[in-house]
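Novice: Sending over a structure as structure tokens; questions will come in a sec.
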Number of protein chains: 2
Amino acid sequence: MQLDERKKKILQAIIRNYLETGEPVGSRTISKYTDLNLSSATIRNEMADLEELGYIVQPHTSAGRIPSDQGYRLYVDTMLEEKEKEIEEMKGMLLEREDKMEALLKQVARVLAQNTNYATMISAPQIHRNKIKFIQLSRVDMGQILAVIVMEGNVIKNHVLHVPDGLDDETLLKLNMLLNTHLNGLPIEQINLGLIAALKQQAGIHEAIVGEVLDAVAEVIREADDLEIYTSGTNNIFKYPELSDNAKASELIGAFEEKQALSALVQETLADESNTGIQVYIGNESPIQNMKDCSVVTATYELDEGMKGTIGIIGPKRMDYDKVISTLKTLMHQLDDLYKRK
Amino acid sequence: MQLDERKKKILQAIIRNYLETGEPVGSRTISKYTDLNLSSATIRNEMADLEELGYIVQPHTSAGRIPSDQGYRLYVDTMLEEKEKEIEEMKGMLLEREDKMEALLKQVARVLAQNTNYATMISAPQIHRNKIKFIQLSRVDMGQILAVIVMEGNVIKNHVLHVPDGLDDETLLKLNMLLNTHLNGLPIEQINLGLIAALKQQAGIHEAIVGEVLDAVAEVIREADDLEIYTSGTNNIFKYPELSDNAKASELIGAFEEKQALSALVQETLADESNTGIQVYIGNESPIQNMKDCSVVTATYELDEGMKGTIGIIGPKRMDYDKVISTLKTLMHQLDDLYKRK
DNA sequence: ATTAGCACTCATTTAGAAGGAGTGCTAATA
DNA sequence: TATTAGCACTCCTTCTAAATGAGTGCTAAT
């Protein structure tokens, strides 16, 4: 059996209706709503077919039908077209541009959540920071030395060292020279035990300082792993009864607070090379177990210098895919513009 | 009418019982539970008195009694004694000491939430950063200058400036001298338009750089206002039916995600000078409207150099005050130790 | 191929009855 | 005088059964 044009239309009508109401939809509704001019009986026959084909399911005998994951998938894949409305407004809000990246990201998450009525998340761009660009030690106080480490992509790390006995200017200069000549421009893979030992030896009694600086470098690298994620509108899930019973809500809220799950989602999204920018996970397709009753729409944004991040929208399966996707697309452009203008 | 010893005992029994079960407690229960050896009828009479005095209320005719806010208040104020159990375990977890403040705070929030089964929050210490300690410009790349500003309390701000035409070493040195001689040790109140103008003038064609550096200083100050807050265990509220109906849960979750409300709580806590360290807000006493059905227990911690922050536990009114308070007290000591040893 | 019609299913709503927890009051008791 | 047993009463909760109604699947007619 194949999906002819009429079946497609009926399926679409069922999904549209279900997206609005959240209730199973029956044959009579479709018969009246659509311009197909078919009786409910005919619709019933078609629906039986659609069920057999796996696009819709009955929650129980003598209930209407609701879309299956497969049904949503077809809908998303084939029936989507752009919508432009409601986006101008968001544009305005976004353009109150914030200087700090963090604030900007938080704002994006918030605007998006308000705009869509779903829960949203956004990950800070992951910057590859593999080379040391610059290291500097400066005396800040008698016994305090500030180490500034700049990595590729202008990722900066500050570290305050305590030097009980102080350090004279000359020594400081020497140490600076030592660190920079050996480490500047060095990819971190090339920092090995041999090099460290050599440096420490040359630093003589100040080897502890060299050690601390190198530790700080290691920490920058480590930090790259646990990426910042901002969320907003988590409580929007309460707007959808199918997600807001205690057990489900608790799980979802937990996932949003403890961000590892989201982090996994981001990794997954970024890893997918085939990615055209926007991905839709429906129900069990989601990489996050907690979200098996939800749909997740993610978009990958890319700023300068290969800085990539992910935006995600999490809502019920009967999400307004159309709106969400077009909103995300517009947002991508917005972000691009915003960044380019800096 | 006054609270005699027996009334107190009965009140205590009612509260204890209600803390456990969350159900209204009746006279018969009390009559059997306590060692007072009184019939339910007598208890009933006493309960009528307690109700008249405002310590307990009836949710509806012919239901048992539950404590009023006033009842909880009395309980918290007078009937509290320390408990030590379950704390050793937490100690262990905490002592896997993390170097980064942020990670430590997050961990504290998490451990606390797991330990108490309530929602928790912790604010990063507010550091007063009123003096500039040290400023340094360094060339990182052809056209990129890194400005590092160290404020009192070792609050560090990095800012990357773009200098299209580059900057030779000598100029850089001069600018450094200029900035440091004028700004080092300067309380920010003393940075006025006159000073700024004078600096810019001396900087000549590089006045833009001075401007940017001063902007960065201004930003550090501004950042002091919106303090970081970490939360954990928000979904614990689902463990208490009286908080987990949709409307309430949604409001609470929202308050936890958008942190301004929590921020207000922190301000309030820190402002209270009379503070012995731990404060308990019951129901409507809470400064946050969203939490009028909860109890909030806060503790103020203080690290070196007047760095103060707040820890908060948010749960149902029938919170195990005893455990929460003693846990918080122990935690305070822990934090102290941890910090001192650094 | 489409449709009208009908019997059937099953979740949801409704109303009423039963149950039960708990109270307040009164009269008896120590 | 303080305590208690007993009882009528209230009102929430649970249960049951019936009514409702949305929706289906099937059959026979168009």
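Scheme for the structure tokens: letters A, B, ... for chains in order shown; per-chain residue numbers from 1; ligand numbers from 1 in order shown.
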So which residues touch DC6 of chain C within 12 Å, counting only C-alpha atoms (C1' of nucleotides), skipping near sequence neighbours fewer than 4 positions away, as a PyMOL selection string?

Specialist: chain D and resi 24-28

Novice: What would the file look like if the residues just selected were written as a PDB file, in the first residue's frame with C-alpha atoms (C1' of nucleotides)?

Specialist:
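selection-v7.pdb, written as the output of this step:
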ATOM      1  C1'  DT D  24     -14.919   2.976  15.219  1.00  0.00           C
ATOM      2  C1'  DG D  25     -15.733  -1.140  11.963  1.00  0.00           C
ATOM      3  C1'  DC D  26     -18.708  -3.348   9.118  1.00  0.00           C
ATOM      4  C1'  DT D  27     -22.441  -4.033   5.796  1.00  0.00           C
ATOM      5  C1'  DA D  28     -25.419  -2.970   2.343  1.00  0.00           C
TER       6       DA D  28
END

Novice: Do you have, as JSON lines, the list of residues of chain A lying at most 10 Å from chain D, each with its nearest atom pair and that distance in Å to one decimal, counting only C-alpha atoms (C1' of nucleotides) and ordered by chain then number?

Specialist:
{"residue": "A:Val25", "atom": "CA", "partner": "D:DG23", "partner_atom": "C1'", "distance": 9.2}
{"residue": "A:Gly26", "atom": "CA", "partner": "D:DG23", "partner_atom": "C1'", "distance": 6.3}
{"residue": "A:Ser27", "atom": "CA", "partner": "D:DG23", "partner_atom": "C1'", "distance": 7.7}
{"residue": "A:Arg28", "atom": "CA", "partner": "D:DG23", "partner_atom": "C1'", "distance": 8.5}
{"residue": "A:Ala41", "atom": "CA", "partner": "D:DT24", "partner_atom": "C1'", "distance": 9.6}
{"residue": "A:Arg44", "atom": "CA", "partner": "D:DT24", "partner_atom": "C1'", "distance": 7.8}
{"residue": "A:Asn45", "atom": "CA", "partner": "D:DG25", "partner_atom": "C1'", "distance": 9.0}
{"residue": "A:Ala48", "atom": "CA", "partner": "D:DG25", "partner_atom": "C1'", "distance": 9.4}
{"residue": "A:Thr61", "atom": "CA", "partner": "D:DT24", "partner_atom": "C1'", "distance": 7.5}
{"residue": "A:Ser62", "atom": "CA", "partner": "D:DG23", "partner_atom": "C1'", "distance": 4.8}
{"residue": "A:Ala63", "atom": "CA", "partner": "D:DG23", "partner_atom": "C1'", "distance": 5.5}
{"residue": "A:Gly64", "atom": "CA", "partner": "D:DG23", "partner_atom": "C1'", "distance": 6.2}
{"residue": "A:Arg65", "atom": "CA", "partner": "D:DG23", "partner_atom": "C1'", "distance": 9.6}

Novice: I'm after chain A in the frame of chain B: fit it by least squares over all Cα atoms matched in order, and give me the output as a CSV table (one decimal) with C-alpha atoms, in the first residue's frame.

Specialist:
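Below is the file selection.csv, written as the result:
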chain,number,residue,atom,x,y,z
A,1,MET,CA,-4.9,32.5,77.3
A,2,GLN,CA,-1.3,31.4,77.5
A,3,LEU,CA,0.7,28.5,76.1
A,4,ASP,CA,1.3,26.1,79.1
A,5,GLU,CA,3.7,23.2,78.9
A,6,ARG,CA,1.0,20.8,77.8
A,7,LYS,CA,-0.2,22.9,74.9
A,8,LYS,CA,3.4,23.3,73.8
A,9,LYS,CA,3.8,19.5,73.8
A,10,ILE,CA,0.7,19.0,71.9
A,11,LEU,CA,1.6,21.6,69.3
A,12,GLN,CA,5.0,20.1,68.9
A,13,ALA,CA,3.4,16.7,68.4
A,14,ILE,CA,1.1,18.0,65.8
A,15,ILE,CA,3.9,19.7,63.9
A,16,ARG,CA,6.2,16.7,64.1
A,17,ASN,CA,3.5,14.5,62.8
A,18,TYR,CA,2.5,16.8,60.0
A,19,LEU,CA,6.1,17.2,58.9
A,20,GLU,CA,6.2,13.5,58.3
A,21,THR,CA,2.9,12.8,56.7
A,22,GLY,CA,1.9,16.1,55.1
A,23,GLU,CA,-1.7,15.2,56.2
A,24,PRO,CA,-3.8,17.1,58.7
A,25,VAL,CA,-3.5,15.4,62.0
A,26,GLY,CA,-6.4,14.6,64.3
A,27,SER,CA,-6.9,14.4,68.0
A,28,ARG,CA,-6.9,10.7,68.2
A,29,THR,CA,-3.5,10.4,66.6
A,30,ILE,CA,-2.0,12.7,69.1
A,31,SER,CA,-3.7,11.0,72.0
A,32,LYS,CA,-2.2,7.7,71.0
A,33,TYR,CA,1.3,8.9,69.8
A,34,THR,CA,2.4,11.0,72.7
A,35,ASP,CA,3.2,9.9,76.2
A,36,LEU,CA,0.8,12.5,77.6
A,37,ASN,CA,-1.8,9.8,78.2
A,38,LEU,CA,-4.7,12.0,77.5
A,39,SER,CA,-7.9,11.1,75.7
A,40,SER,CA,-8.7,12.4,72.3
A,41,ALA,CA,-11.4,14.5,73.8
A,42,THR,CA,-9.0,16.4,76.0
A,43,ILE,CA,-6.7,16.8,73.0
A,44,ARG,CA,-9.6,18.2,71.1
A,45,ASN,CA,-10.2,20.8,73.7
A,46,GLU,CA,-6.5,21.8,73.7
A,47,MET,CA,-6.5,21.9,70.0
A,48,ALA,CA,-9.5,24.2,69.9
A,49,ASP,CA,-7.5,26.5,72.2
A,50,LEU,CA,-4.4,26.2,70.0
A,51,GLU,CA,-6.5,27.1,67.0
A,52,GLU,CA,-7.9,30.1,68.8
A,53,LEU,CA,-4.4,31.2,69.6
A,54,GLY,CA,-3.5,31.0,65.9
A,55,TYR,CA,-0.9,28.2,66.0
A,56,ILE,CA,-2.9,25.7,64.0
A,57,VAL,CA,-5.7,25.8,61.5
A,58,GLN,CA,-8.3,23.5,60.0
A,59,PRO,CA,-8.2,23.1,56.2
A,60,HIS,CA,-12.0,22.5,56.4
A,61,THR,CA,-14.5,21.5,59.0
A,62,SER,CA,-14.1,18.0,60.3
A,63,ALA,CA,-10.5,17.7,59.2
A,64,GLY,CA,-7.5,17.5,61.4
A,65,ARG,CA,-5.3,20.4,62.1
A,66,ILE,CA,-2.2,21.6,60.3
A,67,PRO,CA,0.3,24.2,61.6
A,68,SER,CA,-0.1,27.8,60.7
A,69,ASP,CA,2.8,29.9,59.7
A,70,GLN,CA,2.8,31.2,63.3
A,71,GLY,CA,2.9,27.6,64.6
A,72,TYR,CA,5.9,26.8,62.5
A,73,ARG,CA,7.6,30.0,63.6
A,74,LEU,CA,7.2,29.0,67.3
A,75,TYR,CA,8.5,25.6,66.5
A,76,VAL,CA,11.5,26.9,64.7
A,77,ASP,CA,12.3,29.5,67.3
A,78,THR,CA,12.0,27.5,70.4
A,79,MET,CA,12.0,23.8,69.8
A,80,LEU,CA,15.1,23.4,67.8
A,81,GLU,CA,18.2,21.5,68.8
A,82,GLU,CA,21.1,20.3,66.9
A,83,LYS,CA,21.3,17.0,65.2
A,84,GLU,CA,24.6,15.5,64.0
A,85,LYS,CA,23.7,12.4,62.0
A,86,GLU,CA,24.1,12.0,58.3
A,87,ILE,CA,26.6,14.8,58.1
A,88,GLU,CA,29.8,12.8,58.1
A,89,GLU,CA,28.8,11.4,54.8
A,90,MET,CA,28.4,14.8,53.3
A,91,LYS,CA,31.7,15.9,54.7
A,92,GLY,CA,33.4,13.1,52.7
A,93,MET,CA,31.8,14.2,49.5
A,94,LEU,CA,32.7,17.8,50.0
A,95,LEU,CA,36.3,17.2,50.8
A,96,GLU,CA,37.0,16.0,47.3
A,97,ARG,CA,38.0,19.6,47.0
A,98,GLU,CA,37.7,21.4,43.7
A,99,ASP,CA,40.0,24.1,42.8
A,100,LYS,CA,37.7,26.3,41.0
A,101,MET,CA,35.3,28.3,43.0
A,102,GLU,CA,32.5,27.8,40.5
A,103,ALA,CA,32.8,24.1,40.5
A,104,LEU,CA,33.0,24.0,44.2
A,105,LEU,CA,29.8,26.1,44.6
A,106,LYS,CA,27.9,23.9,42.2
A,107,GLN,CA,29.0,20.9,44.0
A,108,VAL,CA,27.9,22.3,47.3
A,109,ALA,CA,24.5,23.0,45.9
A,110,ARG,CA,24.2,19.5,44.5
A,111,VAL,CA,25.3,17.7,47.6
A,112,LEU,CA,23.0,19.8,49.7
A,113,ALA,CA,20.1,19.0,47.5
A,114,GLN,CA,20.8,15.3,47.5
A,115,ASN,CA,21.2,15.4,51.2
A,116,THR,CA,18.0,17.2,52.1
A,117,ASN,CA,15.6,16.5,49.3
A,118,TYR,CA,14.9,20.1,48.9
A,119,ALA,CA,15.8,22.6,46.2
A,120,THR,CA,18.9,24.5,46.9
A,121,MET,CA,20.7,27.6,45.8
A,122,ILE,CA,24.1,29.1,46.5
A,123,SER,CA,25.4,32.5,45.5
A,124,ALA,CA,29.0,33.2,44.7
A,125,PRO,CA,30.6,35.4,47.2
A,126,GLN,CA,30.2,39.1,46.6
A,127,ILE,CA,33.6,40.7,46.5
A,128,HIS,CA,33.8,44.4,47.0
A,129,ARG,CA,36.0,45.7,44.2
A,130,ASN,CA,36.4,49.3,44.7
A,131,LYS,CA,40.0,49.9,44.0
A,132,ILE,CA,42.1,49.4,40.9
A,133,LYS,CA,45.2,47.4,41.8
A,134,PHE,CA,46.9,47.1,38.6
A,135,ILE,CA,46.5,47.6,34.9
A,136,GLN,CA,48.5,46.2,32.0
A,137,LEU,CA,48.4,46.4,28.3
A,138,SER,CA,50.3,43.8,26.3
A,139,ARG,CA,50.5,43.0,22.6
A,140,VAL,CA,49.1,39.6,21.8
A,141,ASP,CA,49.0,39.9,18.1
A,142,MET,CA,49.8,42.4,15.4
A,143,GLY,CA,46.6,44.4,15.9
A,144,GLN,CA,45.5,43.0,19.2
A,145,ILE,CA,46.2,44.4,22.6
A,146,LEU,CA,45.3,42.6,25.8
A,147,ALA,CA,44.3,44.8,28.7
A,148,VAL,CA,44.3,43.1,32.1
A,149,ILE,CA,42.7,44.9,34.9
A,150,VAL,CA,43.1,43.7,38.5
A,151,MET,CA,40.8,45.0,41.1
A,152,GLU,CA,40.9,44.8,44.8
A,153,GLY,CA,40.2,41.2,46.0
A,154,ASN,CA,42.0,39.9,42.9
A,155,VAL,CA,39.0,40.3,40.6
A,156,ILE,CA,40.5,40.2,37.2
A,157,LYS,CA,39.1,41.5,33.9
A,158,ASN,CA,40.5,40.8,30.5
A,159,HIS,CA,39.7,42.8,27.5
A,160,VAL,CA,41.0,42.5,24.0
A,161,LEU,CA,41.4,45.8,22.0
A,162,HIS,CA,41.8,45.9,18.3
A,163,VAL,CA,44.3,48.5,17.1
A,164,PRO,CA,44.1,48.6,13.3
A,165,ASP,CA,47.4,50.2,12.8
A,166,GLY,CA,49.4,48.3,15.4
A,167,LEU,CA,51.3,49.9,18.2
A,168,ASP,CA,55.1,50.0,18.7
A,169,ASP,CA,56.7,48.8,21.9
A,170,GLU,CA,57.6,52.3,23.0
A,171,THR,CA,54.1,53.6,22.8
A,172,LEU,CA,52.8,50.6,24.6
A,173,LEU,CA,55.2,51.2,27.4
A,174,LYS,CA,54.2,54.8,27.6
A,175,LEU,CA,50.5,53.9,27.8
A,176,ASN,CA,51.2,51.4,30.5
A,177,MET,CA,53.0,54.0,32.5
A,178,LEU,CA,50.3,56.5,31.9
A,179,LEU,CA,47.5,54.2,33.1
A,180,ASN,CA,49.3,52.8,36.0
A,181,THR,CA,50.6,56.0,37.5
A,182,HIS,CA,47.2,57.6,37.3
A,183,LEU,CA,44.9,54.7,38.1
A,184,ASN,CA,46.8,52.3,40.4
A,185,GLY,CA,45.4,52.2,43.8
A,186,LEU,CA,42.6,54.5,42.8
A,187,PRO,CA,39.2,54.0,44.4
A,188,ILE,CA,36.7,54.0,41.5
A,189,GLU,CA,34.7,56.8,43.1
A,190,GLN,CA,37.6,59.1,42.2
A,191,ILE,CA,37.4,58.4,38.5
A,192,ASN,CA,35.6,61.4,37.2
A,193,LEU,CA,35.2,63.1,33.9
A,194,GLY,CA,38.1,65.5,34.6
A,195,LEU,CA,40.5,62.6,35.2
A,196,ILE,CA,39.3,60.8,32.1
A,197,ALA,CA,39.7,63.9,30.0
A,198,ALA,CA,43.2,64.4,31.3
A,199,LEU,CA,44.2,60.9,30.6
A,200,LYS,CA,42.8,60.9,27.1
A,201,GLN,CA,44.6,64.1,26.4
A,202,GLN,CA,47.9,62.7,27.4
A,203,ALA,CA,47.3,59.6,25.4
A,204,GLY,CA,47.0,61.8,22.3
A,205,ILE,CA,46.1,59.8,19.2
A,206,HIS,CA,45.6,56.7,21.4
A,207,GLU,CA,42.8,58.2,23.5
A,208,ALA,CA,40.5,55.5,22.1
A,209,ILE,CA,42.5,52.9,23.9
A,210,VAL,CA,42.3,54.7,27.2
A,211,GLY,CA,38.6,55.0,26.7
A,212,GLU,CA,38.2,51.3,26.2
A,213,VAL,CA,40.2,50.4,29.2
A,214,LEU,CA,38.1,52.7,31.3
A,215,ASP,CA,35.0,51.1,29.9
A,216,ALA,CA,36.3,47.8,30.9
A,217,VAL,CA,36.9,49.1,34.4
A,218,ALA,CA,33.3,50.3,34.5
A,219,GLU,CA,32.2,46.9,33.4
A,220,VAL,CA,33.9,45.1,36.3
A,221,ILE,CA,32.1,47.3,38.7
A,222,ARG,CA,28.8,46.7,37.0
A,223,GLU,CA,29.3,43.0,37.0
A,224,ALA,CA,29.5,43.1,40.8
A,225,ASP,CA,25.8,43.8,40.8
A,226,ASP,CA,24.4,40.7,39.1
A,227,LEU,CA,25.8,38.0,41.2
A,228,GLU,CA,26.2,34.4,40.1
A,229,ILE,CA,23.7,32.0,41.6
A,230,TYR,CA,23.8,28.2,41.2
A,231,THR,CA,20.9,26.0,41.9
A,232,SER,CA,20.3,22.3,42.3
A,233,GLY,CA,17.6,19.8,43.0
A,234,THR,CA,14.8,22.1,41.7
A,235,ASN,CA,12.9,19.0,40.8
A,236,ASN,CA,12.8,17.9,44.4
A,237,ILE,CA,9.7,20.1,44.8
A,238,PHE,CA,7.9,17.3,43.0
A,239,LYS,CA,8.4,15.2,46.0
A,240,TYR,CA,5.9,17.3,47.9
A,241,PRO,CA,2.3,17.2,46.6
A,242,GLU,CA,1.5,20.5,48.1
A,243,LEU,CA,4.0,22.2,45.8
A,244,SER,CA,3.7,20.1,42.7
A,245,ASP,CA,0.5,21.1,41.2
A,246,ASN,CA,1.1,22.7,37.8
A,247,ALA,CA,0.6,26.3,38.6
A,248,LYS,CA,2.8,26.3,41.7
A,249,ALA,CA,5.5,24.1,40.2
A,250,SER,CA,5.7,26.3,37.1
A,251,GLU,CA,6.1,29.4,39.2
A,252,LEU,CA,8.8,28.0,41.4
A,253,ILE,CA,10.7,26.5,38.5
A,254,GLY,CA,10.5,29.8,36.8
A,255,ALA,CA,11.9,31.6,39.8
A,256,PHE,CA,14.8,29.1,40.0
A,257,GLU,CA,15.7,29.5,36.4
A,258,GLU,CA,15.4,33.2,36.1
A,259,LYS,CA,17.5,34.0,39.0
A,260,GLN,CA,16.6,37.5,39.8
A,261,ALA,CA,14.1,36.4,42.4
A,262,LEU,CA,16.8,34.4,44.1
A,263,SER,CA,19.2,37.3,43.7
A,264,ALA,CA,16.7,39.4,45.7
A,265,LEU,CA,16.7,36.8,48.3
A,266,VAL,CA,20.4,36.9,48.6
A,267,GLN,CA,20.4,40.7,48.9
A,268,GLU,CA,17.8,40.5,51.6
A,269,THR,CA,19.8,37.9,53.5
A,270,LEU,CA,23.1,39.7,53.3
A,271,ALA,CA,21.4,43.0,54.2
A,272,ASP,CA,20.1,41.7,57.5
A,273,GLU,CA,22.7,42.7,60.0
A,274,SER,CA,21.0,41.1,63.0
A,275,ASN,CA,21.7,37.9,61.3
A,276,THR,CA,23.2,35.1,63.4
A,277,GLY,CA,24.1,33.2,60.3
A,278,ILE,CA,20.9,31.3,59.7
A,279,GLN,CA,17.5,32.7,58.8
A,280,VAL,CA,14.2,31.0,58.3
A,281,TYR,CA,11.4,32.4,56.3
A,282,ILE,CA,8.1,30.6,56.6
A,283,GLY,CA,5.4,31.0,54.0
A,284,ASN,CA,4.5,34.6,53.6
A,285,GLU,CA,7.5,35.8,55.5
A,286,SER,CA,9.6,35.0,52.5
A,287,PRO,CA,10.7,38.0,50.5
A,288,ILE,CA,9.9,36.2,47.3
A,289,GLN,CA,6.3,36.2,46.4
A,290,ASN,CA,6.6,33.0,44.4
A,291,MET,CA,7.6,31.2,47.5
A,292,LYS,CA,4.7,32.0,49.7
A,293,ASP,CA,3.8,28.3,49.9
A,294,CYS,CA,7.3,27.3,50.8
A,295,SER,CA,9.7,27.7,53.6
A,296,VAL,CA,13.1,29.2,52.9
A,297,VAL,CA,16.1,28.6,55.1
A,298,THR,CA,19.2,30.7,54.3
A,299,ALA,CA,22.7,30.8,55.7
A,300,THR,CA,25.4,33.4,55.2
A,301,TYR,CA,28.9,32.2,54.7
A,302,GLU,CA,31.9,34.3,54.8
A,303,LEU,CA,35.3,33.5,53.4
A,304,ASP,CA,38.5,35.5,53.7
A,305,GLU,CA,38.5,39.2,53.0
A,306,GLY,CA,34.9,39.8,53.6
A,307,MET,CA,33.7,37.7,50.8
A,308,LYS,CA,30.2,36.9,51.7
A,309,GLY,CA,27.7,34.6,50.0
A,310,THR,CA,24.4,33.0,50.7
A,311,ILE,CA,23.2,29.4,50.7
A,312,GLY,CA,19.5,28.7,50.6
A,313,ILE,CA,17.2,25.8,50.9
A,314,ILE,CA,13.7,25.9,49.6
A,315,GLY,CA,11.1,23.4,50.4
A,316,PRO,CA,7.6,22.9,51.7
A,317,LYS,CA,6.5,24.5,54.9
A,318,ARG,CA,6.6,21.1,56.5
A,319,MET,CA,10.3,21.1,56.0
A,320,ASP,CA,12.5,19.1,58.4
A,321,TYR,CA,13.8,22.3,59.9
A,322,ASP,CA,15.9,20.5,62.4
A,323,LYS,CA,17.9,18.6,59.8
A,324,VAL,CA,18.2,21.5,57.4
A,325,ILE,CA,19.5,23.9,60.0
A,326,SER,CA,22.0,21.6,61.4
A,327,THR,CA,23.2,20.5,58.0
A,328,LEU,CA,23.6,24.1,57.0
A,329,LYS,CA,25.6,24.9,60.2
A,330,THR,CA,27.9,22.0,59.6
A,331,LEU,CA,28.3,23.1,56.0
A,332,MET,CA,29.4,26.5,57.1
A,333,HIS,CA,32.2,25.1,59.1
A,334,GLN,CA,33.1,22.8,56.2
A,335,LEU,CA,33.4,25.8,53.9
A,336,ASP,CA,35.4,27.7,56.4
A,337,ASP,CA,37.9,24.9,56.8
A,338,LEU,CA,38.1,24.3,53.1
A,339,TYR,CA,38.9,27.8,52.3
A,340,LYS,CA,41.4,28.3,55.1
A,341,ARG,CA,43.4,25.4,54.0
A,342,LYS,CA,44.0,26.8,50.6

Novice: From a DSSP pass on the backbone, collect the residues of segment 51-247 of chain A flagged as alpha helix (DSSP H) and hand them back as a PyMOL selection string.

Specialist: chain A and resi 51-53+69-78+87-94+101-116+169-183+193-203+207-225+246-247

Novice: Tell me, counting only C-alpha atoms (C1' of nucleotides), for each residue of chain C within 10 Å of chain B, which pair of atoms is nearest and how far apart they are in Å to one decimal, in rows ordered by chain and increasing number, as a Markdown table.

Specialist:
| residue | atom | partner | partner_atom | distance |
| --- | --- | --- | --- | --- |
| C:DA21 | C1' | B:Ala63 | CA | 7.2 |
| C:DG22 | C1' | B:Ser62 | CA | 4.8 |
| C:DT23 | C1' | B:Ser62 | CA | 5.1 |
| C:DG24 | C1' | B:Arg44 | CA | 8.8 |

Novice: Next, the residues of the selection above should be written as a PDB file, in the first residue's frame with C-alpha atoms (C1' of nucleotides).

Specialist:
ATOM      1  C1'  DA C  21     -12.023  10.540  59.721  1.00  0.00           C
ATOM      2  C1'  DG C  22     -12.548  14.004  62.811  1.00  0.00           C
ATOM      3  C1'  DT C  23     -14.912  17.427  65.305  1.00  0.00           C
ATOM      4  C1'  DG C  24     -17.879  19.738  69.068  1.00  0.00           C
TER       5       DG C  24
END

Novice: Could you write out, as an NGL selection string, all the residues of segment 100-183 of chain B that DSSP marks as strand (DSSP E or B)?

Specialist: :B and (119-123 or 126 or 131-141 or 144-151 or 155-162)
